[in-house]
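Following: one structure in structure tokens, then a few remarks.
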Amino acid sequence: MKAAVIVFPGSNCDRDMAVAFERAGAQVSMVWHKDTALPDDVDIVGVPGGFSFGDYLRCGAIAAKSPISASIKAHAERGGYVLGVCNGFQVLTETGLLPGALMRNANLKFVCKPVDLKVETTQSDFTSDYDAGQVISIPVAHHDGNYTVDDATLATLRDQDRIAFSYVDNPNGSTADIAGVLSENRRVLGMMPHPERAVDAAHGGTDGVAMFRSLVASLETA
Amino acid sequence: MKVRVDVMLKTGVLDPQGEAVRHALGSLGFDGVEGVRQGKVIELELADGTTEDTVKEMCEKLLANTVIESYRIHMG
């Protein structure tokens, strides 16, 4: 299984994400944002956390217009997998691959701590190794993670079972406690919490392992 | 030519920063501040003859996130 992790100026979780994929058994290549094409036969693209372009204009807005972003979009539209974490989630909403927007946290504070997440659906290759309703602990570290979506879109997300994770104790004011959402074809996941920061006992937890393991397992057999 | 673009959160989208400013004004003793909305002003220096349609395209593609923001263009 081949993964590509995108590197923007200001990305800072790119290597953590690469390590998480590698440990799960994936071959990983790092792709600079100015590249216009993804490596051949990439199964999944990881859009990592960080502060791409200094969060100028809006978080993720300028990265979403980087040369590589058109290729990420094309990959997703072909049915390819994409995982966007934190700033990566912001980039995916800015590209339009996922609905909604990430606004400044409701309490205006940067929040950096492990949080409990409820697994809302196991019907995706990202979440199939968790149990429905399972509570996992994954770190968050963001200032703009307040997921905002209008009522009609929220109803669609619910009807289509596209809310992947919700916060047990909402740290940022997100609509309906949403921490992560899936695309309609369930192959693009964006989430504010960092599963790649919970894949080693030294991280303080390993609840993120199941995501990378299930992705690699399902994409290898595909 | 100078063109100004005002970008504001859409009506109905909660503005946590505007709310914080409203509270701060209240604690400074300014009574009756019923609402504060914070947006941004973007000044563009453009080649003469640039059309409003082009500026609109800039807004749609980059300057505003139309999921949550509206924009207003002031030509010249």
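Letters A, B, ... go to the chains of the structure tokens in the order shown; residues in each chain start at 1; ligands are counted from 1 in the same order.
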
Quiz item: Which residues, written as a list in words, have at least one atom at most 10 Å from Asp125 (chain A), with only C-alpha atoms counted and residues fewer than 3 positions away on the same chain left out?
Solution: Tyr81, Thr122, Ser128, Asp129, Arg186, Arg187, Val188, Leu189, Met211, Phe212, Arg213, Ser214, Leu215, Val216, Ala217, Ser218 and Leu219 of chain A

Could you write out the selected residues, including C-alpha atoms, as an mmCIF file, in the first residue's frame?
data_model
loop_
_atom_site.group_PDB
_atom_site.id
_atom_site.type_symbol
_atom_site.label_atom_id
_atom_site.label_comp_id
_atom_site.auth_asym_id
_atom_site.auth_seq_id
_atom_site.Cartn_x
_atom_site.Cartn_y
_atom_site.Cartn_z
ATOM 1 C CA TYR A 81 -8.314 7.956 -0.323
ATOM 2 C CA THR A 122 -17.415 2.083 11.750
ATOM 3 C CA SER A 128 -13.612 -0.165 10.719
ATOM 4 C CA ASP A 129 -11.173 -1.445 13.361
ATOM 5 C CA ARG A 186 -16.404 7.566 2.601
ATOM 6 C CA ARG A 187 -12.846 7.704 1.245
ATOM 7 C CA VAL A 188 -11.921 11.194 2.390
ATOM 8 C CA LEU A 189 -11.696 11.826 6.129
ATOM 9 C CA MET A 211 -6.951 3.824 11.940
ATOM 10 C CA PHE A 212 -3.647 3.353 10.115
ATOM 11 C CA ARG A 213 -3.844 -0.429 10.497
ATOM 12 C CA SER A 214 -7.329 -0.674 9.016
ATOM 13 C CA LEU A 215 -6.424 1.670 6.151
ATOM 14 C CA VAL A 216 -3.350 -0.327 5.215
ATOM 15 C CA ALA A 217 -5.223 -3.626 5.533
ATOM 16 C CA SER A 218 -8.130 -2.561 3.351
ATOM 17 C CA LEU A 219 -5.995 -0.841 0.721
#

Quiz prompt | Every residue of chain B that DSSP places in alpha helix (DSSP H), as a PyMOL selection string | solution = chain B and resi 16-27+52-58

Let's have the selection written as an mmCIF file, in the first residue's frame, with N, CA and C atoms.
data_model
loop_
_atom_site.group_PDB
_atom_site.id
_atom_site.type_symbol
_atom_site.label_atom_id
_atom_site.label_comp_id
_atom_site.auth_asym_id
_atom_site.auth_seq_id
_atom_site.Cartn_x
_atom_site.Cartn_y
_atom_site.Cartn_z
ATOM 1 N N PRO B 16 -16.959 34.305 17.153
ATOM 2 C CA PRO B 16 -16.400 34.289 18.520
ATOM 3 C C PRO B 16 -15.513 35.501 18.795
ATOM 4 N N GLN B 17 -14.786 35.966 17.767
ATOM 5 C CA GLN B 17 -13.894 37.106 18.000
ATOM 6 C C GLN B 17 -14.703 38.388 18.204
ATOM 7 N N GLY B 18 -15.734 38.583 17.401
ATOM 8 C CA GLY B 18 -16.599 39.742 17.562
ATOM 9 C C GLY B 18 -17.240 39.763 18.943
ATOM 10 N N GLU B 19 -17.649 38.580 19.402
ATOM 11 C CA GLU B 19 -18.251 38.464 20.733
ATOM 12 C C GLU B 19 -17.266 38.888 21.820
ATOM 13 N N ALA B 20 -16.003 38.461 21.661
ATOM 14 C CA ALA B 20 -14.981 38.814 22.653
ATOM 15 C C ALA B 20 -14.756 40.327 22.669
ATOM 16 N N VAL B 21 -14.782 40.937 21.491
ATOM 17 C CA VAL B 21 -14.611 42.397 21.419
ATOM 18 C C VAL B 21 -15.797 43.091 22.090
ATOM 19 N N ARG B 22 -16.975 42.555 21.849
ATOM 20 C CA ARG B 22 -18.180 43.137 22.466
ATOM 21 C C ARG B 22 -18.065 43.106 23.996
ATOM 22 N N HIS B 23 -17.621 41.962 24.527
ATOM 23 C CA HIS B 23 -17.453 41.848 25.984
ATOM 24 C C HIS B 23 -16.420 42.839 26.501
ATOM 25 N N ALA B 24 -15.316 42.963 25.738
ATOM 26 C CA ALA B 24 -14.243 43.859 26.184
ATOM 27 C C ALA B 24 -14.732 45.306 26.200
ATOM 28 N N LEU B 25 -15.534 45.685 25.200
ATOM 29 C CA LEU B 25 -16.076 47.052 25.189
ATOM 30 C C LEU B 25 -16.985 47.260 26.395
ATOM 31 N N GLY B 26 -17.769 46.228 26.711
ATOM 32 C CA GLY B 26 -18.649 46.320 27.885
ATOM 33 C C GLY B 26 -17.854 46.520 29.157
ATOM 34 N N SER B 27 -16.732 45.780 29.274
ATOM 35 C CA SER B 27 -15.972 45.897 30.517
ATOM 36 C C SER B 27 -15.190 47.212 30.584
ATOM 37 N N GLU B 52 -14.508 44.317 -12.599
ATOM 38 C CA GLU B 52 -15.115 43.855 -11.351
ATOM 39 C C GLU B 52 -15.330 42.336 -11.389
ATOM 40 N N ASP B 53 -15.598 41.817 -12.566
ATOM 41 C CA ASP B 53 -15.769 40.365 -12.683
ATOM 42 C C ASP B 53 -14.500 39.618 -12.293
ATOM 43 N N THR B 54 -13.353 40.185 -12.673
ATOM 44 C CA THR B 54 -12.080 39.548 -12.300
ATOM 45 C C THR B 54 -11.892 39.580 -10.779
ATOM 46 N N VAL B 55 -12.232 40.723 -10.179
ATOM 47 C CA VAL B 55 -12.101 40.825 -8.719
ATOM 48 C C VAL B 55 -13.052 39.844 -8.038
ATOM 49 N N LYS B 56 -14.232 39.705 -8.628
ATOM 50 C CA LYS B 56 -15.213 38.765 -8.082
ATOM 51 C C LYS B 56 -14.651 37.339 -8.111
ATOM 52 N N GLU B 57 -13.967 37.034 -9.205
ATOM 53 C CA GLU B 57 -13.360 35.696 -9.325
ATOM 54 C C GLU B 57 -12.287 35.500 -8.255
ATOM 55 N N MET B 58 -11.513 36.562 -7.996
ATOM 56 C CA MET B 58 -10.498 36.491 -6.936
ATOM 57 C C MET B 58 -11.155 36.197 -5.592
#

Exercise. Select all residues from chain A having any atom no more than 9 Å from an atom of chain B (counting only C-alpha atoms, ignoring ligands), output as an MDAnalysis selection string.
Key: chainID A and resid 57:58 61:62 65 94 99:101 103:108 148:150

For the residues in the current selection, export C-alpha atoms as a tab-separated table (two decimals), in the first residue's frame.
chain	number	residue	atom	x	y	z
A	57	LEU	CA	-5.73	34.77	5.04
A	58	ARG	CA	-7.55	31.73	6.50
A	61	ALA	CA	-6.74	28.66	2.27
A	62	ILE	CA	-3.45	29.19	0.48
A	65	LYS	CA	-4.46	26.57	-4.00
A	94	GLU	CA	-10.98	24.91	1.66
A	99	PRO	CA	-18.23	20.36	3.58
A	100	GLY	CA	-18.20	23.09	6.22
A	101	ALA	CA	-15.42	25.30	7.55
A	103	MET	CA	-13.49	28.68	12.50
A	104	ARG	CA	-11.69	30.18	15.50
A	105	ASN	CA	-12.35	28.12	18.67
A	106	ALA	CA	-15.44	29.43	20.45
A	107	ASN	CA	-13.46	30.22	23.62
A	108	LEU	CA	-10.72	31.84	21.48
A	148	THR	CA	-19.13	25.09	11.33
A	149	VAL	CA	-21.73	23.76	8.97
A	150	ASP	CA	-25.25	24.88	8.08

Quiz item: Interatomic distance between CA of Cys59 (chain B) and CA of Lys73 (chain A)?
Solution: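 Those two atoms sit 20.4 Å apart.
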
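Counting from CA of Gln160 (chain A), the distance to CA of Val47 (chain A) is 23.8 Å.
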
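CA of Val91 (chain A) is found 14.7 Å from CA of His143 (chain A).
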
Quiz prompt | Which of region 8-147 of chain A fall in strand (DSSP E), as a VMD selection string | solution = chain A and resid 27 to 32 44 to 47 81 to 85 101 to 103 111 to 119 135 to 142 146 to 147

Self-check item: Test item: residues at most 9 Å from Met1 (chain B), only C-alpha atoms, excluding those fewer than 3 positions along its chain, as JSON, numbers by chain
Solution: {"B": [44, 45, 46, 47, 48, 49, 50, 75, 76]}

Output file for the residues above (C-alpha atoms, as an mmCIF file, in the first residue's frame):
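Written file, selection05.cif:
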data_model
loop_
_atom_site.group_PDB
_atom_site.id
_atom_site.type_symbol
_atom_site.label_atom_id
_atom_site.label_comp_id
_atom_site.auth_asym_id
_atom_site.auth_seq_id
_atom_site.Cartn_x
_atom_site.Cartn_y
_atom_site.Cartn_z
ATOM 1 C CA LEU B 44 -5.685 45.379 -3.949
ATOM 2 C CA GLU B 45 -3.454 47.406 -6.230
ATOM 3 C CA LEU B 46 -4.544 46.293 -9.690
ATOM 4 C CA ALA B 47 -3.630 47.097 -13.266
ATOM 5 C CA ASP B 48 -5.893 49.779 -14.732
ATOM 6 C CA GLY B 49 -8.832 48.285 -16.527
ATOM 7 C CA THR B 50 -9.163 45.225 -14.283
ATOM 8 C CA MET B 75 -13.970 49.487 -7.206
ATOM 9 C CA GLY B 76 -11.724 52.587 -7.216
#

Quiz prompt | Close residues, Ser11 (chain A) itself excluded, 10 Å, only C-alpha atoms, min 2 positions apart in chain, as a ChimeraX atom specification | solution = /A:6-9,13-15,47-54,87-88

Expected file contents, prior selection, N, CA and C atoms, as a PDB file, in the first residue's frame:
ATOM      1  N   ILE A   6       1.821  15.041   2.016  1.00  0.00           N
ATOM      2  CA  ILE A   6       2.102  16.338   1.407  1.00  0.00           C
ATOM      3  C   ILE A   6       2.842  17.227   2.410  1.00  0.00           C
ATOM      4  N   VAL A   7       3.819  17.972   1.906  1.00  0.00           N
ATOM      5  CA  VAL A   7       4.552  18.904   2.760  1.00  0.00           C
ATOM      6  C   VAL A   7       4.355  20.321   2.216  1.00  0.00           C
ATOM      7  N   PHE A   8       3.730  21.160   3.027  1.00  0.00           N
ATOM      8  CA  PHE A   8       3.575  22.583   2.698  1.00  0.00           C
ATOM      9  C   PHE A   8       4.593  23.357   3.524  1.00  0.00           C
ATOM     10  N   PRO A   9       4.929  24.581   3.120  1.00  0.00           N
ATOM     11  CA  PRO A   9       5.733  25.404   4.013  1.00  0.00           C
ATOM     12  C   PRO A   9       4.920  25.650   5.288  1.00  0.00           C
ATOM     13  N   CYS A  13       3.482  18.289  11.086  1.00  0.00           N
ATOM     14  CA  CYS A  13       3.108  16.940  11.515  1.00  0.00           C
ATOM     15  C   CYS A  13       3.307  15.951  10.373  1.00  0.00           C
ATOM     16  N   ASP A  14       4.005  16.410   9.320  1.00  0.00           N
ATOM     17  CA  ASP A  14       4.160  15.567   8.141  1.00  0.00           C
ATOM     18  C   ASP A  14       4.953  14.307   8.448  1.00  0.00           C
ATOM     19  N   ARG A  15       6.056  14.455   9.212  1.00  0.00           N
ATOM     20  CA  ARG A  15       6.862  13.258   9.482  1.00  0.00           C
ATOM     21  C   ARG A  15       6.172  12.324  10.462  1.00  0.00           C
ATOM     22  N   VAL A  47      -2.756  14.592   4.273  1.00  0.00           N
ATOM     23  CA  VAL A  47      -2.573  16.048   4.342  1.00  0.00           C
ATOM     24  C   VAL A  47      -2.373  16.361   5.824  1.00  0.00           C
ATOM     25  N   PRO A  48      -1.144  16.759   6.180  1.00  0.00           N
ATOM     26  CA  PRO A  48      -0.782  16.772   7.597  1.00  0.00           C
ATOM     27  C   PRO A  48      -1.157  18.071   8.317  1.00  0.00           C
ATOM     28  N   GLY A  49      -0.951  18.035   9.616  1.00  0.00           N
ATOM     29  CA  GLY A  49      -1.182  19.211  10.447  1.00  0.00           C
ATOM     30  C   GLY A  49      -0.021  20.186  10.373  1.00  0.00           C
ATOM     31  N   GLY A  50      -0.247  21.334  10.948  1.00  0.00           N
ATOM     32  CA  GLY A  50       0.781  22.373  10.958  1.00  0.00           C
ATOM     33  C   GLY A  50       0.153  23.729  10.757  1.00  0.00           C
ATOM     34  N   PHE A  51       0.952  24.621  10.189  1.00  0.00           N
ATOM     35  CA  PHE A  51       0.491  25.998   9.973  1.00  0.00           C
ATOM     36  C   PHE A  51       0.889  26.405   8.559  1.00  0.00           C
ATOM     37  N   SER A  52       0.317  25.713   7.569  1.00  0.00           N
ATOM     38  CA  SER A  52       0.722  25.964   6.193  1.00  0.00           C
ATOM     39  C   SER A  52       0.566  27.443   5.864  1.00  0.00           C
ATOM     40  N   PHE A  53       1.599  27.997   5.253  1.00  0.00           N
ATOM     41  CA  PHE A  53       1.617  29.414   4.865  1.00  0.00           C
ATOM     42  C   PHE A  53       1.254  30.325   6.035  1.00  0.00           C
ATOM     43  N   GLY A  54       1.682  29.910   7.234  1.00  0.00           N
ATOM     44  CA  GLY A  54       1.495  30.774   8.396  1.00  0.00           C
ATOM     45  C   GLY A  54       0.046  31.042   8.759  1.00  0.00           C
ATOM     46  N   ASN A  87      -4.622  20.959  10.383  1.00  0.00           N
ATOM     47  CA  ASN A  87      -4.487  21.885   9.250  1.00  0.00           C
ATOM     48  C   ASN A  87      -4.868  21.174   7.943  1.00  0.00           C
ATOM     49  N   GLY A  88      -4.616  19.871   7.880  1.00  0.00           N
ATOM     50  CA  GLY A  88      -5.013  19.094   6.696  1.00  0.00           C
ATOM     51  C   GLY A  88      -6.525  19.070   6.519  1.00  0.00           C
TER      52      GLY A  88
END

Quiz prompt | Residues near Ile73 (chain B), cut-off 7 Å, only C-alpha atoms, skip fewer than 3 positions along chain, as number ranges by chain | solution = B: 4-6

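Comparing the minimum interatomic distances between His33 (chain A) and each of A:Cys59, A:Leu154, A:Ile136, A:Ile68, counting only C-alpha atoms, we find that A:Ile68 sits nearest.
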
Practice problem: Measuring atom to atom with only C-alpha atoms, identify which of A:Pro139, A:Pro114, A:Gly80, A:Gly25 is nearest to Ser183 (chain A). | Solution: A:Gly80
